[in-house]
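K.L.:
The file below is run33.txt, compact mmCIF, C-alpha atoms:
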```txt
# COMPACT_ATOMS: atom_id res chain seq x y z
CA MET A 26 -11.63 49.53 -0.10
CA ILE A 27 -11.58 51.60 -3.32
CA ARG A 28 -15.00 50.24 -4.22
CA HIS A 29 -16.61 52.00 -1.22
CA LEU A 30 -15.00 55.42 -1.49
CA PRO A 31 -17.25 58.44 -0.89
CA THR A 32 -19.00 60.69 -3.36
CA ALA A 33 -19.95 64.07 -1.93
CA ASP A 34 -22.34 65.15 -4.71
CA PRO A 35 -24.42 62.75 -6.83
CA TYR A 36 -23.87 64.94 -9.90
CA LEU A 37 -20.12 64.28 -9.69
CA SER A 38 -19.51 60.63 -9.00
CA GLY A 39 -16.22 59.67 -7.38
CA HIS A 40 -15.31 63.16 -6.14
CA GLY A 41 -15.27 64.66 -2.67
CA ASP A 42 -15.30 63.39 0.91
CA PRO A 43 -17.93 64.89 3.24
CA SER A 44 -16.14 63.71 6.40
CA TYR A 45 -13.72 66.67 6.41
CA ALA A 46 -13.24 70.18 5.10
CA VAL A 47 -10.10 71.92 3.87
CA ARG A 48 -9.65 75.38 5.35
CA HIS A 49 -6.49 76.34 3.44
CA TYR A 50 -4.45 75.01 0.51
CA ASP A 51 -0.76 75.89 0.24
CA LEU A 52 0.54 74.81 -3.19
CA ASP A 53 4.20 74.96 -4.28
CA LEU A 54 4.42 73.96 -7.95
CA ALA A 55 7.16 73.73 -10.56
CA TYR A 56 6.24 73.25 -14.20
CA THR A 57 8.36 72.43 -17.25
CA LEU A 58 6.67 72.99 -20.59
CA GLU A 59 9.02 70.68 -22.44
CA GLY A 60 7.74 67.22 -21.62
CA ASN A 61 4.74 68.64 -19.70
CA ARG A 62 6.15 67.88 -16.25
CA LEU A 63 4.60 69.11 -13.00
CA ARG A 64 6.07 68.72 -9.53
CA GLY A 65 4.26 69.92 -6.45
CA THR A 66 3.97 69.94 -2.71
CA ALA A 67 0.48 70.55 -1.34
CA THR A 68 -0.10 71.38 2.32
CA LEU A 69 -3.75 71.16 3.35
CA SER A 70 -5.10 72.52 6.63
CA VAL A 71 -8.03 70.22 7.41
CA GLU A 72 -10.90 70.14 9.90
CA VAL A 73 -12.60 66.81 10.54
CA LEU A 74 -16.39 67.17 10.31
CA GLU A 75 -17.45 63.69 11.38
CA GLU A 76 -15.56 60.96 13.20
CA THR A 77 -13.46 59.04 10.70
CA GLY A 78 -10.43 56.80 10.38
CA ARG A 79 -9.93 57.60 6.70
CA LEU A 80 -9.49 60.69 4.56
CA VAL A 81 -10.04 60.50 0.80
CA LEU A 82 -8.56 63.09 -1.55
CA ASP A 83 -8.98 63.54 -5.28
CA LEU A 84 -5.82 63.38 -7.43
CA ALA A 85 -5.94 62.42 -11.10
CA HIS A 86 -3.10 61.30 -13.43
CA LEU A 87 -0.43 62.48 -10.95
CA GLN A 88 1.44 60.23 -8.54
CA ALA A 89 1.86 60.97 -4.84
CA ASP A 90 5.43 60.35 -3.66
CA LYS A 91 5.28 61.20 0.03
CA VAL A 92 2.37 61.76 2.40
CA ARG A 93 2.56 63.10 5.94
CA VAL A 94 -0.24 63.74 8.43
CA THR A 95 0.25 66.06 11.40
CA GLY A 96 -2.28 65.76 14.21
CA ALA A 97 -3.02 62.06 13.70
CA GLY A 98 -1.13 58.86 12.94
CA LEU A 99 -0.97 57.69 9.32
CA LYS A 100 -1.18 53.91 9.00
CA LYS A 101 -0.88 53.69 5.21
CA TRP A 102 -1.90 55.41 2.01
CA SER A 103 -2.84 54.18 -1.43
CA GLN A 104 -3.79 55.66 -4.78
CA ARG A 105 -6.15 54.34 -7.44
CA HIS A 106 -8.97 55.52 -9.72
CA HIS A 107 -8.09 59.22 -9.23
CA ARG A 108 -8.37 58.94 -5.41
CA LEU A 109 -5.70 59.22 -2.74
CA VAL A 110 -6.78 57.30 0.37
CA LEU A 111 -5.18 58.01 3.74
CA GLN A 112 -5.84 55.28 6.32
CA LEU A 113 -5.27 56.69 9.80
CA ASP A 114 -4.07 54.77 12.87
CA GLY A 115 -7.47 55.15 14.47
CA GLU A 116 -10.68 57.15 14.51
CA VAL A 117 -10.27 60.94 14.64
CA ALA A 118 -12.98 62.96 16.38
CA SER A 119 -15.12 65.63 14.76
CA GLY A 120 -13.52 69.02 15.22
CA ALA A 121 -9.94 67.72 15.04
CA GLU A 122 -7.53 69.86 13.02
CA LEU A 123 -4.98 68.07 10.85
CA THR A 124 -2.31 69.08 8.39
CA LEU A 125 -1.77 66.95 5.28
CA THR A 126 1.46 67.35 3.32
CA ILE A 127 1.64 65.62 -0.05
CA ALA A 128 4.53 65.62 -2.50
CA TYR A 129 3.46 64.57 -5.99
CA GLY A 130 4.23 64.88 -9.68
CA GLY A 131 3.87 63.61 -13.21
CA GLN A 132 2.44 64.68 -16.54
CA PRO A 133 -0.85 66.47 -15.92
CA GLN A 134 -3.73 65.95 -18.30
CA PRO A 135 -7.48 66.55 -18.27
CA VAL A 136 -9.97 64.15 -16.75
CA ILE A 137 -12.83 62.96 -18.94
CA ASP A 138 -16.34 62.36 -17.64
CA LYS A 139 -19.21 60.89 -19.67
CA HIS A 140 -21.54 63.71 -18.63
CA HIS A 141 -19.17 66.68 -18.49
CA GLY A 142 -16.45 66.01 -21.05
CA ASP A 143 -12.86 66.92 -20.28
CA ALA A 144 -11.64 69.43 -17.70
CA GLY A 145 -8.47 70.38 -15.87
CA TRP A 146 -4.82 71.02 -16.70
CA GLU A 147 -4.30 71.12 -20.46
CA GLU A 148 -1.37 71.94 -22.70
CA LEU A 149 -1.76 74.74 -25.22
CA THR A 150 0.39 75.28 -28.29
CA ASP A 151 2.74 77.34 -26.13
CA GLY A 152 1.52 77.33 -22.57
CA VAL A 153 -1.09 75.93 -20.22
CA ILE A 154 -4.77 76.43 -19.46
CA VAL A 155 -6.57 75.09 -16.41
CA ALA A 156 -10.33 75.00 -16.97
CA ALA A 157 -11.54 72.92 -14.04
CA GLN A 158 -15.33 73.21 -14.00
CA PRO A 159 -16.74 70.98 -12.70
CA HIS A 160 -14.30 68.10 -12.09
CA GLY A 161 -10.81 69.18 -13.21
CA ALA A 162 -9.20 70.42 -9.98
CA PRO A 163 -7.65 67.00 -9.14
CA THR A 164 -5.58 67.16 -12.35
CA TRP A 165 -3.13 69.56 -10.71
CA PHE A 166 -3.42 69.33 -6.93
CA PRO A 167 -4.74 66.89 -4.32
CA CYS A 168 -8.02 68.24 -3.01
CA ASN A 169 -11.43 67.59 -1.52
CA ASP A 170 -13.19 68.19 -4.81
CA ARG A 171 -16.68 69.27 -3.86
CA PRO A 172 -18.23 72.70 -4.46
CA ASP A 173 -19.36 73.33 -0.89
CA ASP A 174 -15.86 72.96 0.56
CA LYS A 175 -14.40 76.46 0.11
CA ALA A 176 -10.93 77.37 1.35
CA THR A 177 -8.30 80.07 1.12
CA TYR A 178 -5.26 79.46 -1.09
CA ARG A 179 -1.61 80.21 -1.65
CA ILE A 180 -0.55 79.16 -5.16
CA ALA A 181 3.14 79.47 -6.00
CA VAL A 182 4.33 78.39 -9.46
CA ALA A 183 7.83 78.21 -10.92
CA ALA A 184 7.83 78.23 -14.74
CA PRO A 185 10.34 78.86 -17.53
CA ALA A 186 11.54 82.44 -17.87
CA GLY A 187 9.62 84.46 -20.43
CA TYR A 188 6.26 82.93 -19.53
CA VAL A 189 3.67 84.74 -17.47
CA VAL A 190 1.82 82.77 -14.80
CA VAL A 191 -1.63 83.96 -13.78
CA SER A 192 -3.53 82.47 -10.86
CA ASN A 193 -6.26 83.40 -8.41
CA GLY A 194 -6.05 86.42 -6.17
CA GLU A 195 -3.24 88.87 -5.53
CA LEU A 196 0.29 88.46 -6.88
CA VAL A 197 2.40 88.96 -3.76
CA ALA A 198 5.82 87.96 -5.12
CA HIS A 199 7.51 87.54 -8.51
CA GLN A 200 11.17 86.65 -8.96
CA ARG A 201 13.46 85.57 -11.77
CA ARG A 202 16.40 83.27 -11.15
CA ALA A 203 18.44 82.14 -14.15
CA SER A 204 16.02 80.36 -16.49
CA VAL A 205 13.11 80.15 -14.07
CA GLU A 206 10.54 82.70 -12.89
CA SER A 207 8.47 82.16 -9.77
CA TRP A 208 5.01 83.60 -9.18
CA ASP A 209 3.28 83.64 -5.79
CA TYR A 210 -0.47 84.30 -5.53
CA ARG A 211 -2.75 84.55 -2.49
CA MET A 212 -6.52 84.11 -2.53
CA ASP A 213 -7.74 85.15 0.90
CA ARG A 214 -11.46 84.79 0.10
CA PRO A 215 -13.02 81.32 0.34
CA MET A 216 -12.85 79.51 -3.01
CA ALA A 217 -14.24 76.21 -4.30
CA THR A 218 -11.71 73.78 -5.77
CA TYR A 219 -13.09 73.97 -9.31
CA LEU A 220 -12.52 77.74 -9.35
CA ALA A 221 -8.79 77.46 -8.66
CA THR A 222 -6.67 77.90 -11.79
CA VAL A 223 -3.25 78.43 -13.32
CA GLN A 224 -2.73 80.02 -16.74
CA ILE A 225 0.72 80.06 -18.37
CA GLY A 226 1.68 81.80 -21.61
CA ARG A 227 3.69 84.49 -23.35
CA TYR A 228 1.43 87.35 -22.33
CA THR A 229 1.38 91.10 -21.82
CA THR A 230 -0.94 92.98 -19.48
CA THR A 231 -3.34 95.78 -20.43
CA LYS A 232 -5.03 97.76 -17.65
CA HIS A 233 -8.62 98.94 -18.04
CA GLY A 234 -8.75 101.01 -14.88
CA PRO A 235 -7.56 100.39 -11.32
CA SER A 236 -8.96 96.88 -10.84
CA VAL A 237 -9.49 95.34 -14.31
CA THR A 238 -6.80 93.93 -16.60
CA THR A 239 -6.51 91.80 -19.70
CA VAL A 240 -3.59 89.37 -19.93
CA ALA A 241 -3.11 88.37 -23.56
CA PRO A 242 -0.69 87.85 -26.44
CA ALA A 243 0.92 91.15 -27.40
CA ASP A 244 -0.87 91.32 -30.75
CA ALA A 245 -4.37 90.56 -29.43
CA ASP A 246 -6.96 93.12 -30.58
CA LEU A 247 -9.06 94.16 -27.57
CA ASP A 248 -11.04 96.91 -29.30
CA GLY A 249 -14.79 96.60 -28.98
CA SER A 250 -14.70 93.59 -26.70
CA PHE A 251 -12.33 93.37 -23.76
CA ASP A 252 -11.87 97.14 -23.60
CA GLN A 253 -15.51 97.28 -22.45
CA GLN A 254 -14.67 95.53 -19.19
CA ALA A 255 -14.17 98.67 -17.09
CA ALA A 256 -17.63 99.89 -18.07
CA MET A 257 -19.06 96.42 -17.41
CA MET A 258 -17.47 96.40 -13.97
CA ALA A 259 -18.90 99.82 -13.09
CA TYR A 260 -22.38 98.79 -14.20
CA PHE A 261 -22.34 95.40 -12.47
CA GLU A 262 -21.15 97.02 -9.24
CA ASP A 263 -24.16 99.32 -9.48
CA VAL A 264 -26.71 96.51 -9.95
CA PHE A 265 -25.02 93.62 -8.10
CA GLY A 266 -23.01 95.40 -5.41
CA THR A 267 -19.32 95.97 -4.79
CA TYR A 268 -17.00 93.66 -6.73
CA PRO A 269 -16.27 90.84 -4.26
CA PHE A 270 -12.51 90.44 -4.88
CA GLU A 271 -9.43 92.66 -5.01
CA ALA A 272 -9.08 92.72 -8.80
CA TYR A 273 -10.28 91.03 -11.97
CA ALA A 274 -8.34 89.71 -14.96
CA ALA A 275 -9.36 88.27 -18.30
CA VAL A 276 -6.76 85.88 -19.71
CA ILE A 277 -6.74 85.40 -23.49
CA THR A 278 -4.87 82.37 -24.74
CA ASP A 279 -3.09 82.43 -28.08
CA ASP A 280 -5.07 79.32 -29.01
CA GLU A 281 -8.72 79.41 -29.97
CA LEU A 282 -11.07 77.93 -27.36
CA GLU A 283 -14.54 76.54 -27.81
CA ILE A 284 -15.96 78.25 -24.73
CA PRO A 285 -14.67 80.70 -22.10
CA LEU A 286 -14.64 79.82 -18.42
CA GLU A 287 -14.63 81.78 -15.18
CA SER A 288 -12.37 81.14 -12.24
CA GLN A 289 -12.31 83.11 -9.01
CA SER A 290 -11.05 86.65 -9.76
CA LEU A 291 -10.31 85.85 -13.41
CA SER A 292 -11.78 84.37 -16.56
CA THR A 293 -10.16 82.65 -19.54
CA PHE A 294 -10.93 83.14 -23.22
CA GLY A 295 -9.42 82.06 -26.50
CA ARG A 296 -8.11 84.52 -29.09
CA ASN A 297 -11.32 83.91 -31.08
CA PHE A 298 -13.27 85.93 -28.50
CA CYS A 299 -11.46 89.14 -29.43
CA SER A 300 -14.35 90.41 -31.51
CA PRO A 301 -16.86 93.28 -31.20
CA ASP A 302 -19.66 90.92 -32.29
CA TRP A 303 -22.37 90.62 -29.66
CA SER A 304 -22.00 86.83 -29.71
CA GLN A 305 -18.55 87.30 -28.16
CA VAL A 306 -19.09 90.45 -26.09
CA ARG A 307 -22.00 88.84 -24.23
CA LEU A 308 -19.65 86.14 -23.00
CA VAL A 309 -17.18 88.71 -21.69
CA ALA A 310 -20.06 90.09 -19.62
CA HIS A 311 -21.26 86.60 -18.69
CA GLU A 312 -17.92 85.50 -17.24
CA MET A 313 -17.44 88.73 -15.31
CA ALA A 314 -20.91 88.37 -13.76
CA HIS A 315 -19.90 84.97 -12.43
CA GLN A 316 -17.58 86.74 -9.98
CA TRP A 317 -20.70 87.68 -8.03
CA PHE A 318 -22.88 84.69 -8.94
CA GLY A 319 -20.85 81.49 -8.78
CA ASN A 320 -17.57 82.64 -7.28
CA ALA A 321 -18.46 84.90 -4.34
CA VAL A 322 -21.78 83.09 -3.83
CA THR A 323 -21.31 79.44 -4.78
CA LEU A 324 -23.74 76.57 -5.09
CA ARG A 325 -23.64 73.99 -2.32
CA ARG A 326 -24.65 71.18 -4.68
CA TRP A 327 -24.36 70.94 -8.44
CA GLN A 328 -28.09 70.52 -8.98
CA ASP A 329 -28.46 74.26 -8.25
CA ILE A 330 -26.26 75.31 -11.18
CA TRP A 331 -28.99 77.71 -12.36
CA LEU A 332 -27.96 79.97 -9.46
CA HIS A 333 -24.73 80.50 -11.43
CA GLU A 334 -25.65 80.23 -15.07
CA GLY A 335 -29.13 81.76 -14.99
CA PHE A 336 -27.79 84.82 -13.16
CA ALA A 337 -24.80 85.23 -15.48
CA CYS A 338 -27.02 84.83 -18.54
CA TYR A 339 -29.38 87.50 -17.20
CA ALA A 340 -26.35 89.75 -16.74
CA GLU A 341 -25.73 89.45 -20.50
CA TRP A 342 -29.22 90.77 -21.19
CA LEU A 343 -28.78 93.58 -18.69
CA TRP A 344 -25.49 94.61 -20.29
CA SER A 345 -27.04 94.54 -23.74
CA GLU A 346 -29.62 97.08 -22.62
CA GLU A 347 -27.11 99.20 -20.69
CA SER A 348 -24.58 99.33 -23.53
CA GLY A 349 -27.02 99.83 -26.40
CA GLY A 350 -26.61 96.26 -27.62
CA PRO A 351 -28.81 94.37 -30.05
CA ARG A 352 -31.84 94.06 -27.72
CA SER A 353 -33.22 95.34 -24.44
CA CYS A 354 -33.29 92.97 -21.48
CA ASP A 355 -37.01 92.39 -22.03
CA GLY A 356 -36.34 91.87 -25.73
CA TRP A 357 -33.82 89.11 -25.02
CA ALA A 358 -36.23 87.53 -22.54
CA ARG A 359 -39.00 87.42 -25.15
CA HIS A 360 -36.60 86.13 -27.82
CA HIS A 361 -35.39 83.21 -25.69
CA HIS A 362 -38.84 82.42 -24.34
CA GLU A 363 -40.02 81.93 -27.93
CA ARG A 364 -37.05 79.65 -28.63
CA LEU A 365 -37.66 77.62 -25.48
CA GLU A 366 -41.30 77.17 -26.47
CA GLU A 367 -40.02 75.31 -29.54
CA SER A 368 -37.60 73.13 -27.52
CA ASP A 369 -38.13 69.87 -25.66
CA GLN A 370 -39.91 70.37 -22.33
CA ASP A 371 -37.87 67.90 -20.30
CA LEU A 372 -35.64 70.22 -18.24
CA LEU A 373 -36.27 70.54 -14.50
CA LEU A 374 -34.42 73.73 -13.64
CA ALA A 375 -33.98 73.07 -9.92
CA ASP A 376 -32.66 69.54 -10.50
CA PRO A 377 -31.67 69.03 -14.16
CA GLY A 378 -29.49 65.95 -13.65
CA PRO A 379 -25.81 65.70 -14.57
CA GLU A 380 -26.61 65.18 -18.25
CA LEU A 381 -28.38 68.54 -18.59
CA MET A 382 -26.64 70.71 -15.97
CA PHE A 383 -24.80 72.67 -18.70
CA ASP A 384 -27.59 72.52 -21.29
CA ASP A 385 -28.14 75.92 -22.92
CA ARG A 386 -31.83 75.72 -22.02
CA LEU A 387 -30.87 75.82 -18.35
CA TYR A 388 -29.00 79.09 -18.88
CA LYS A 389 -31.90 80.71 -20.69
CA ARG A 390 -34.68 79.34 -18.47
CA GLY A 391 -32.70 80.37 -15.41
CA ALA A 392 -32.44 83.92 -16.76
CA LEU A 393 -36.16 83.92 -17.57
CA THR A 394 -36.88 82.84 -14.00
CA LEU A 395 -35.12 85.95 -12.78
CA HIS A 396 -36.99 88.05 -15.32
CA ALA A 397 -40.28 86.67 -13.99
CA LEU A 398 -39.24 87.66 -10.48
CA ARG A 399 -38.22 91.13 -11.63
CA VAL A 400 -41.52 91.69 -13.43
CA ALA A 401 -43.45 90.57 -10.33
CA VAL A 402 -41.65 92.65 -7.69
CA GLY A 403 -40.44 95.65 -9.72
CA ASP A 404 -36.98 96.95 -10.49
CA ASP A 405 -36.20 98.55 -7.14
CA ALA A 406 -37.01 95.44 -5.14
CA PHE A 407 -35.36 93.13 -7.67
CA PHE A 408 -31.98 94.84 -7.76
CA ASP A 409 -32.06 95.39 -4.00
CA LEU A 410 -32.57 91.63 -3.73
CA LEU A 411 -29.57 90.85 -5.94
CA ARG A 412 -27.29 93.21 -4.02
CA GLY A 413 -28.51 91.84 -0.69
CA TRP A 414 -28.10 88.24 -1.83
CA VAL A 415 -24.43 88.76 -2.66
CA ALA A 416 -23.71 90.88 0.42
CA GLU A 417 -25.31 88.33 2.74
CA HIS A 418 -23.81 85.17 1.23
CA ALA A 419 -20.42 86.19 -0.21
CA GLY A 420 -17.85 83.57 0.69
CA GLY A 421 -20.53 80.97 1.35
CA SER A 422 -22.38 78.13 -0.35
CA VAL A 423 -26.11 78.20 -1.09
CA THR A 424 -29.07 76.25 -2.46
CA THR A 425 -32.18 77.14 -4.42
CA GLU A 426 -34.16 76.91 -1.19
CA ASP A 427 -31.81 79.47 0.39
CA PHE A 428 -32.44 81.87 -2.48
CA LEU A 429 -36.22 81.47 -2.33
CA ALA A 430 -36.28 82.04 1.42
CA PHE A 431 -34.01 85.09 1.17
CA ALA A 432 -35.99 86.55 -1.73
CA THR A 433 -39.28 86.09 0.10
CA GLU A 434 -37.97 87.81 3.22
CA ARG A 435 -36.29 90.60 1.25
CA THR A 436 -39.22 91.44 -1.05
CA GLY A 437 -42.22 90.40 1.01
CA ALA A 438 -43.57 88.45 -1.97
CA ASP A 439 -44.31 84.72 -2.11
CA VAL A 440 -41.26 84.06 -4.27
CA ALA A 441 -41.34 80.29 -3.78
CA GLY A 442 -44.91 80.16 -5.07
CA LEU A 443 -44.19 82.59 -7.89
CA LEU A 444 -41.17 80.68 -9.18
CA ARG A 445 -42.42 77.13 -8.55
CA PRO A 446 -43.51 76.56 -12.19
CA TRP A 447 -40.17 77.84 -13.47
CA LEU A 448 -38.07 75.77 -11.09
CA HIS A 449 -40.02 72.61 -10.29
CA GLU A 450 -42.06 71.90 -13.42
CA THR A 451 -40.76 70.96 -16.85
CA ASP A 452 -43.41 72.75 -18.94
CA LEU A 453 -42.40 76.30 -19.82
CA PRO A 454 -44.61 78.88 -18.07
CA PRO A 455 -46.12 81.72 -20.11
CA PHE A 456 -43.98 84.79 -20.68
CA PRO A 457 -44.03 86.90 -17.49
CA GLN A 458 -46.33 89.92 -17.65
CA ALA A 459 -46.51 92.80 -15.21
```
Write the structure described by the file as structure tokens, please.
P.N.:
Amino acid sequence: MIRHLPTADPYLSGHGDPSYAVRHYDLDLAYTLEGNRLRGTATLSVEVLEETGRLVLDLAHLQADKVRVTGAGLKKWSQRHHRLVLQLDGEVASGAELTLTIAYGGQPQPVIDKHHGDAGWEELTDGVIVAAQPHGAPTWFPCNDRPDDKATYRIAVAAPAGYVVVSNGELVAHQRRASVESWDYRMDRPMATYLATVQIGRYTTTKHGPSVTTVAPADADLDGSFDQQAAMMAYFEDVFGTYPFEAYAAVITDDELEIPLESQSLSTFGRNFCSPDWSQVRLVAHEMAHQWFGNAVTLRRWQDIWLHEGFACYAEWLWSEESGGPRSCDGWARHHHERLEESDQDLLLADPGPELMFDDRLYKRGALTLHALRVAVGDDAFFDLLRGWVAEHAGGSVTTEDFLAFATERTGADVAGLLRPWLHETDLPPFPQA
């Protein structure tokens, strides 16, 4: 039976079940730093999408203790190879609504994939980071781990007193009882599983205006980097549209991290990113831009990752020009076009394959694709397109074809024809000229 379990997206083998969708996750978690122990109860509100007698969830390194299904009979359940398989008493019709309640626990640890490295729940020197893109969500809760299955969330975490817990959305309750503090977050906007996160550490909070905060070690130096976030937010709202969530937080771990990562309504950085150098500041802008492109508007399939990374990379170039950075937007475009000309021409932007989906060339070529569109249609039409794209699709899942169709309708230009060489051919097109 395990041998024939579903894969929802060919870029992420062994994850996701297309036969159902989760509409809401309710997670009650308790974590002990000493010994790295996690206990949880996950309640999933599920809608069946196609007739099935089996539901497959993703759960890695943690052991389910009890499973209950409301709305259908549960014949048996089993767990193996990071999958939790629920065999129902009989076939359940499309449209049926079920509730799955799963008690589980163990010592969480990242999952490792040959294409994507490690991701998920990870111990820090004194705390926890959850960096789940693209396959780490099952390391801390049972889920339908596919990017097109977006749900609302309640995430409640009990952790040792003195540690701050940060998660997605709005903090609606915080209590301390003896040696334990509990933190209760609600994310009422649809969210993909890989964007759900928990961050735990000895942190203090710095506000940068009404909706932007940095959560960091008390001695972290935010000057010249994270203190720019309020200005970034104001500018991105101008060019991309209203910020799509209630608030935004940047979490800075006491440990150094190789790369930062966005989650819905927050991003995570290591202490090494507290620097006014453009090489670090650009990534602060990059991760914030993902709130519009990646989090509010999310790819339906991983092959369209350029819709996230190309847009966020272009936001770096825009912020450089807006803030008086090292180059104008056009200057960055020319710089990276020259570098791509010297690189291997084997990347197909619209379908790069799992091996190249996070290749730096994809980020830069994706940004250049947007620059080509901007040059062709002009600034007014281009930024109107970006704002309309987010407004129309916020909370949803999209493909490259969706973007091309929307852009064509919005601008009146043949955007699919214009961008075909950038998206569907491996050779780098000439630098876009007006």
K.L.:
Give me, as a Markdown table, each residue of region 351-448 of chain A that comes within 10 Å of region 269-284 of chain A, together with its shortest interatomic pair and the distance in Å at one decimal, counting all atoms listed in the file, with rows ordered by chain and rising residue number.
P.N.:
```
| residue | atom | partner | partner_atom | distance |
| --- | --- | --- | --- | --- |
| A:Val415 | CA | A:Pro269 | CA | 8.6 |
| A:Ala416 | CA | A:Pro269 | CA | 8.8 |
| A:Ala419 | CA | A:Pro269 | CA | 7.4 |
| A:Gly420 | CA | A:Pro269 | CA | 8.9 |
```
K.L.:
I'd like the contact shell of Ala314 (chain A) - 8 Å cut-off, all atoms listed in the file, skipping same-chain residues fewer than 5 positions apart - returned as a list in words.
P.N.:
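So the residues in contact are Phe261, Phe336, Ala337 and Ala340 of chain A.
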K.L.:
Here is a test: counting all atoms listed in the file, which residue of A:Leu291, A:Leu393, A:Ile225, A:Glu334 is nearest to Val237 (chain A)?
P.N.:
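The shortest atom-to-atom distance to Val237 (chain A) comes from A:Leu291.
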K.L.:
Which residues come within 9 Å of Gln112 (chain A), counting all atoms listed in the file, excluding same-chain residues fewer than 2 positions away, as an NGL selection string?
P.N.:
:A and (78-81 or 98-103 or 110 or 114-115)
K.L.:
What does the structure give for the distance between CA of Pro185 (chain A) and CA of Ala55 (chain A), in Å to one decimal?
P.N.:
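It comes out at 9.2 Å.
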K.L.:
Which is closer to Val402 (chain A) than all the others in A:Thr218, A:Gln458, A:Leu372, A:Gly421, using only C-alpha atoms?
P.N.:
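Closest residue, counting only C-alpha atoms: A:Gln458.
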K.L.:
For each of A:Glu148, A:Leu111, A:Ser290, A:Val136, take the minimum atom-to-atom distance to Gly60 (chain A), counting only C-alpha atoms, then give the residue where this is smallest.
P.N.:
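Looking at the shortest contact to Gly60 (chain A), the residue is A:Glu148.
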K.L.:
Tell me which of A:Tyr260, A:Tyr50, A:Tyr36, A:Tyr188 sits closest to Arg325 (chain A), counting only C-alpha atoms.
P.N.:
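Of A:Tyr260, A:Tyr50, A:Tyr36, A:Tyr188, the one nearest Arg325 (chain A), counting only C-alpha atoms, is A:Tyr36.
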K.L.:
Which residues are close to Tyr228 (chain A), i.e. within 7 Å by all atoms listed in the file, leaving aside same-chain residues fewer than 4 positions away? Reply as a count of residues only.
P.N.:
5
K.L.:
List every protein, DNA or RNA residue with an atom no more than 7 Å from (-41.7, 85.4, -8.3) in the file's coordinates, counting only C-alpha atoms, and format the result as a list in words.
P.N.:
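Checked against the point, the hits come out as Ala397, Leu398, Ala401, Asp439, Val440, Ala441, Gly442, Leu443 and Leu444 of chain A.
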K.L.:
Emit the selected residues as a compact mmCIF listing (two decimals), in the coordinates of the input, including C-alpha atoms.
P.N.:
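After the write, out_9.txt holds the following:
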```txt
# COMPACT_ATOMS: atom_id res chain seq x y z
CA ALA A 397 -40.28 86.67 -13.99
CA LEU A 398 -39.24 87.66 -10.48
CA ALA A 401 -43.45 90.57 -10.33
CA ASP A 439 -44.31 84.72 -2.11
CA VAL A 440 -41.26 84.06 -4.27
CA ALA A 441 -41.34 80.29 -3.78
CA GLY A 442 -44.91 80.16 -5.07
CA LEU A 443 -44.19 82.59 -7.89
CA LEU A 444 -41.17 80.68 -9.18
```
K.L.:
Quick one: everything within 7 Å of Trp342 (chain A), counting all atoms listed in the file, minus sequence neighbours fewer than 6 positions away in the same chain. Send it as a list in words.
P.N.:
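With the cut-off at 7 Å, the set is Ser353, Cys354 and Trp357 of chain A.
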K.L.:
Using only C-alpha atoms, pick whichever of A:Leu374, A:Leu395, A:Met313, A:Ala321 has the shortest atom-to-atom distance to Asp452 (chain A).
P.N.:
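Closest candidate: A:Leu374.
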K.L.:
Quick one: region 394-403 of chain A with N, CA and C atoms, as a compact mmCIF listing (two decimals), in the frame of the given file?
P.N.:
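rebuild33.txt, freshly written:
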```
# COMPACT_ATOMS: atom_id res chain seq x y z
N THR A 394 -36.36 82.93 -15.36
CA THR A 394 -36.88 82.84 -14.00
C THR A 394 -36.62 84.13 -13.24
N LEU A 395 -35.43 84.67 -13.41
CA LEU A 395 -35.12 85.95 -12.78
C LEU A 395 -35.95 87.08 -13.37
N HIS A 396 -36.18 87.01 -14.68
CA HIS A 396 -36.99 88.05 -15.32
C HIS A 396 -38.42 88.00 -14.78
N ALA A 397 -38.94 86.80 -14.57
CA ALA A 397 -40.28 86.67 -13.99
C ALA A 397 -40.34 87.28 -12.60
N LEU A 398 -39.29 87.07 -11.82
CA LEU A 398 -39.24 87.66 -10.48
C LEU A 398 -39.17 89.18 -10.56
N ARG A 399 -38.35 89.68 -11.47
CA ARG A 399 -38.22 91.13 -11.63
C ARG A 399 -39.55 91.77 -12.02
N VAL A 400 -40.23 91.16 -12.98
CA VAL A 400 -41.52 91.69 -13.43
C VAL A 400 -42.52 91.71 -12.27
N ALA A 401 -42.48 90.68 -11.42
CA ALA A 401 -43.45 90.57 -10.33
C ALA A 401 -43.20 91.58 -9.21
N VAL A 402 -41.93 91.82 -8.87
CA VAL A 402 -41.65 92.65 -7.69
C VAL A 402 -41.24 94.07 -8.04
N GLY A 403 -40.88 94.32 -9.31
CA GLY A 403 -40.44 95.65 -9.72
C GLY A 403 -38.93 95.81 -9.64
```
